[in-house]
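Engineer: This structure is in structure tokens; I'll ask about it shortly.
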Amino acid sequence: MPKFTEVETVRRTLAAVLPGRTIETVHVALPRLIKNASPADFAAALRGQTVTAVQRKGKYLRLVFDGPRHLLIHLRMTGSLVYFPAAADLPKSAHIIFRLDKGNLVYCDVRTFGCLWLIPPAGPTGVKGYDTLGPDANGPDFTVDYIWSLLKKSERTVKAFLLDQTVIAGLGNIYADEALFLAGIRPSRRCGSMTKKSLVALHEAIQSVLAEGITYGGTTIRNFVNGSGREGGNRKNLAVYGREGEPCIKCGTAVQYVKQGGRGTRYCPHCQK
DNA sequence: CAATCCCCCTGGGCGC
DNA sequence: TGCGCCCAGGGGGATT
């Protein structure tokens with residue numbers, strides 16, 4: 001599922017219902033999802049904890065409690081975190097169940113790549129990917145000048161650069177392709193060949209695709225559901241992702257598919273230079 | 001430092 | 001209808 005629009009959609013949904021709720025018990029059906037504690041320690045640390053906030057940084061969700069541990073979650077490809085206000089049949093992929101004073105919070109994950117960690121409320125967490133995150137793609141520190149300073153030093157492709165979470169936190173494969181299309185930049189272009197002008201266009205395109213993705217509630221490709229279990233509605237807005245072989249919406253040229261850095265990459269060979 | 005490959009897994013889609 | 005293959009939004013690690 002994720003890129004951060006999906007994670008942000010989940011965050012917003014949960015932030016509306018979780019604060020004030022208290023965890024009564026935790027059931028761990030798939031222990032390997034918890035990366036830095038045994039199931040027993042994990043359950044014991046969270047029992048009796050009251051949620052005070054639901055935060056996001058990059059593609060990580062953070063449940064803030066009134067106690068000495070926070071819960072950090074990465075949904076990876078197919079994870080979801082869903083609040084059930086009343087008793088309900090749980091999906092087969094419900095791997096971790098937090099029984100609350102009112103309702104249940106359920107971590108579901110078909111491919112089971114997701115990760116959960118207990119972390120301290122402040123300071124380094126020991127979770128490498130989290131501690132090294134760059135500025136959020138929709139945050140105030142993600143500026144043209146910031147990107148320019150890194151871009152000049154890099155010899156990588158622009159797409160690899162965009163997906164590097166230490167550079168920009170939150171951008172995923174779909175939105176990287178979409179932003180590059182919108183800015184007219186070929187994914188295989190070298191960072192060093194970028195002009196300030198094309199960077200400004202790219203910066204704007206990133207903000208734009210992310211804002212739109214959030215507005216439409218995330219992009220449902222296969223397994224994405226938001227914190228209420230509803231699917232996102234953004235798929236129809238995608239210009240290149242999932243449209244390989246179909247005509248470019250600007251010029252009609254067939255959208256190309258290539259593997260770049262192991263990731264499926266789509267672009268218009270006419271519009272993107 | 002950058003690129004590639006492989007891994008973690010399940011299930012949908014498609015060709016035969 | 002069934003089987004086997006290929007594919008997938010993420011990211012970490014080993015290797016070249």
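Here, A, B, ... name the chains of the structure tokens in the order displayed, residue numbers run from 1 inside each chain, and ligands are numbered from 1 in the same displayed order.
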Based on only C-alpha atoms (C1' of nucleotides), which of the residues in chain C come within 8 Å of chain A? I want them as a PyMOL selection string.
Structural biologist: chain C and resi 9-11
Engineer: Within 8 Å of chain A, which residues of chain B show up? Give each one with its shortest atom-to-atom distance in Å (one decimal) and the two atoms involved, counting only C-alpha atoms (C1' of nucleotides), rows by chain then rising residue number, as a tab-separated table.
Structural biologist:
residue	atom	partner	partner_atom	distance
B:DA2	C1'	A:Arg156	CA	6.8
B:DA3	C1'	A:Gly261	CA	7.0
B:DT4	C1'	A:Gly261	CA	7.2
B:DC8	C1'	A:Phe113	CA	6.5
B:DC9	C1'	A:Arg111	CA	4.6
B:DT10	C1'	A:Arg111	CA	4.9
Engineer: DSSP says strand (DSSP E or B) for which residues of stretch 47-249 of chain A? Put them as a PyMOL selection string?
Structural biologist: chain A and resi 50-57+60-65+70-74+79-84+94-100+104-109+115-119+136+157+169+190+247
Engineer: Could the residues in this selection be saved with N, CA and C atoms as a compact mmCIF listing (two decimals), in the first residue's frame?
Structural biologist:
# COMPACT_ATOMS: atom_id res chain seq x y z
N THR A 50 -2.75 4.76 27.26
CA THR A 50 -3.78 5.57 26.62
C THR A 50 -3.17 6.37 25.47
N VAL A 51 -3.80 6.29 24.32
CA VAL A 51 -3.31 7.01 23.14
C VAL A 51 -3.50 8.51 23.34
N THR A 52 -2.43 9.27 23.07
CA THR A 52 -2.57 10.74 23.14
C THR A 52 -2.47 11.39 21.77
N ALA A 53 -1.83 10.72 20.81
CA ALA A 53 -1.71 11.31 19.48
C ALA A 53 -1.35 10.23 18.46
N VAL A 54 -1.64 10.50 17.20
CA VAL A 54 -1.25 9.63 16.10
C VAL A 54 -0.44 10.48 15.12
N GLN A 55 0.84 10.15 14.96
CA GLN A 55 1.72 10.98 14.15
C GLN A 55 2.25 10.19 12.95
N ARG A 56 2.82 10.93 12.01
CA ARG A 56 3.46 10.30 10.86
C ARG A 56 4.74 11.02 10.51
N LYS A 57 5.76 10.28 10.18
CA LYS A 57 6.96 10.88 9.59
C LYS A 57 7.36 9.97 8.45
N TYR A 60 6.26 6.22 8.13
CA TYR A 60 6.12 5.61 9.45
C TYR A 60 4.97 6.24 10.21
N LEU A 61 4.20 5.40 10.89
CA LEU A 61 3.16 5.86 11.80
C LEU A 61 3.68 5.72 13.21
N ARG A 62 3.31 6.67 14.05
CA ARG A 62 3.74 6.62 15.44
C ARG A 62 2.53 6.83 16.33
N LEU A 63 2.24 5.85 17.15
CA LEU A 63 1.19 6.01 18.14
C LEU A 63 1.85 6.50 19.42
N VAL A 64 1.41 7.67 19.88
CA VAL A 64 1.96 8.27 21.08
C VAL A 64 1.07 7.91 22.26
N PHE A 65 1.70 7.43 23.35
CA PHE A 65 0.95 7.07 24.55
C PHE A 65 1.38 7.95 25.71
N HIS A 70 6.49 4.47 22.90
CA HIS A 70 5.60 4.75 21.78
C HIS A 70 5.62 3.54 20.86
N LEU A 71 4.63 3.48 19.99
CA LEU A 71 4.56 2.37 19.03
C LEU A 71 4.83 2.91 17.63
N LEU A 72 5.87 2.38 16.99
CA LEU A 72 6.24 2.80 15.64
C LEU A 72 5.84 1.68 14.68
N ILE A 73 5.21 2.07 13.58
CA ILE A 73 4.71 1.07 12.63
C ILE A 73 5.08 1.48 11.20
N HIS A 74 5.60 0.53 10.44
CA HIS A 74 5.75 0.74 9.00
C HIS A 74 4.88 -0.29 8.29
N GLY A 79 0.38 -3.49 4.51
CA GLY A 79 -0.12 -3.36 5.87
C GLY A 79 -1.28 -2.38 5.96
N SER A 80 -2.11 -2.56 6.96
CA SER A 80 -3.13 -1.56 7.25
C SER A 80 -3.42 -1.60 8.74
N LEU A 81 -3.84 -0.48 9.25
CA LEU A 81 -4.15 -0.36 10.66
C LEU A 81 -5.57 0.18 10.73
N VAL A 82 -6.46 -0.65 11.22
CA VAL A 82 -7.88 -0.34 11.11
C VAL A 82 -8.55 -0.35 12.48
N TYR A 83 -9.34 0.66 12.72
CA TYR A 83 -10.10 0.73 13.96
C TYR A 83 -11.51 0.19 13.75
N PHE A 84 -11.90 -0.77 14.56
CA PHE A 84 -13.26 -1.30 14.54
C PHE A 84 -13.97 -0.84 15.80
N ALA A 94 -5.49 -10.41 9.89
CA ALA A 94 -5.40 -9.66 11.16
C ALA A 94 -4.34 -10.32 12.03
N HIS A 95 -3.17 -9.69 12.14
CA HIS A 95 -2.05 -10.34 12.81
C HIS A 95 -1.82 -9.83 14.22
N ILE A 96 -2.21 -8.59 14.47
CA ILE A 96 -2.04 -8.04 15.81
C ILE A 96 -3.30 -7.29 16.19
N ILE A 97 -3.87 -7.64 17.32
CA ILE A 97 -5.14 -7.05 17.74
C ILE A 97 -4.97 -6.35 19.07
N PHE A 98 -5.25 -5.06 19.05
CA PHE A 98 -5.21 -4.26 20.27
C PHE A 98 -6.66 -4.09 20.73
N ARG A 99 -7.00 -4.74 21.84
CA ARG A 99 -8.35 -4.57 22.35
C ARG A 99 -8.37 -3.32 23.21
N LEU A 100 -9.24 -2.39 22.85
CA LEU A 100 -9.28 -1.09 23.53
C LEU A 100 -10.46 -1.04 24.49
N ASN A 104 -11.71 -2.10 18.79
CA ASN A 104 -10.44 -2.79 18.56
C ASN A 104 -9.64 -2.06 17.49
N LEU A 105 -8.33 -2.03 17.71
CA LEU A 105 -7.42 -1.55 16.68
C LEU A 105 -6.70 -2.78 16.15
N VAL A 106 -6.76 -2.97 14.82
CA VAL A 106 -6.27 -4.23 14.25
C VAL A 106 -5.21 -3.95 13.19
N TYR A 107 -4.07 -4.62 13.34
CA TYR A 107 -3.04 -4.54 12.31
C TYR A 107 -3.21 -5.73 11.37
N CYS A 108 -3.48 -5.41 10.09
CA CYS A 108 -3.67 -6.44 9.06
C CYS A 108 -2.57 -6.31 8.02
N ASP A 109 -2.19 -7.41 7.42
CA ASP A 109 -1.10 -7.34 6.46
C ASP A 109 -1.03 -8.64 5.66
N CYS A 115 6.28 -3.82 9.83
CA CYS A 115 7.16 -3.85 11.00
C CYS A 115 6.57 -3.01 12.11
N LEU A 116 6.69 -3.50 13.34
CA LEU A 116 6.29 -2.72 14.51
C LEU A 116 7.43 -2.71 15.51
N TRP A 117 7.63 -1.55 16.12
CA TRP A 117 8.69 -1.42 17.12
C TRP A 117 8.16 -0.65 18.33
N LEU A 118 8.68 -0.97 19.49
CA LEU A 118 8.49 -0.11 20.65
C LEU A 118 9.66 0.86 20.68
N ILE A 119 9.36 2.12 20.85
CA ILE A 119 10.44 3.11 20.82
C ILE A 119 10.29 4.09 21.99
N ASP A 136 10.07 15.61 5.41
CA ASP A 136 8.83 15.15 4.79
C ASP A 136 8.60 15.87 3.46
N THR A 157 20.47 8.42 -10.67
CA THR A 157 19.33 8.82 -11.49
C THR A 157 18.36 9.61 -10.62
N ALA A 169 11.46 12.18 2.72
CA ALA A 169 10.69 11.16 3.43
C ALA A 169 9.28 11.11 2.88
N ARG A 190 20.18 11.78 -15.07
CA ARG A 190 21.15 11.92 -13.98
C ARG A 190 20.90 13.20 -13.19
N PRO A 247 -2.04 5.25 -24.23
CA PRO A 247 -1.57 6.55 -24.72
C PRO A 247 -1.34 7.56 -23.59
Engineer: Could you give me, as a ChimeraX atom specification, each residue of stretch 66-135 of chain A that DSSP assigns to helix (DSSP H, G or I) when run on this structure's backbone?
Structural biologist: /A:128-131
Engineer: Could you turn the residues from that selection into a file that holds N, CA and C atoms, as a short mmCIF file (atom, residue, chain, number, x, y, z; two decimals), in the first residue's frame?
Structural biologist:
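The result, stored in selection.cif:
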data_model
loop_
_atom_site.label_atom_id
_atom_site.label_comp_id
_atom_site.auth_asym_id
_atom_site.auth_seq_id
_atom_site.Cartn_x
_atom_site.Cartn_y
_atom_site.Cartn_z
N LYS A 128 16.78 2.17 12.17
CA LYS A 128 17.69 2.86 11.25
C LYS A 128 16.94 3.71 10.22
N GLY A 129 15.98 3.11 9.55
CA GLY A 129 15.27 3.83 8.51
C GLY A 129 14.53 5.05 9.03
N TYR A 130 14.13 4.98 10.28
CA TYR A 130 13.37 6.08 10.86
C TYR A 130 14.29 7.20 11.34
N ASP A 131 15.39 6.80 11.95
CA ASP A 131 16.30 7.82 12.49
C ASP A 131 17.01 8.61 11.41
#
Engineer: Find the residues around A:Glu178 up to 8 Å (only C-alpha atoms (C1' of nucleotides) counted), leave out those fewer than 2 positions away in its own chain, and share them as a list in words.
Structural biologist: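 Listing them by chain and then by number gives Ile174, Tyr175, Ala176, Leu180, Phe181, Leu182, Val209, Leu238, Ala239, Val240 and Tyr241 of chain A.
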Engineer: Kindly give the distance, in Å, that separates atom CA of A:Phe161 and atom CA of A:Cys191, rounded to a single decimal.
Structural biologist: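 Straight-line distance from atom CA of A:Phe161 to atom CA of A:Cys191 works out to 7.7 Å.
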Engineer: For A:Ile168, which residue out of A:Ser188, A:Ser198, A:Thr5, A:Thr132 is the nearest one, using only C-alpha atoms?
Structural biologist: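 Counting only C-alpha atoms, the residue closest to A:Ile168 is A:Thr132.
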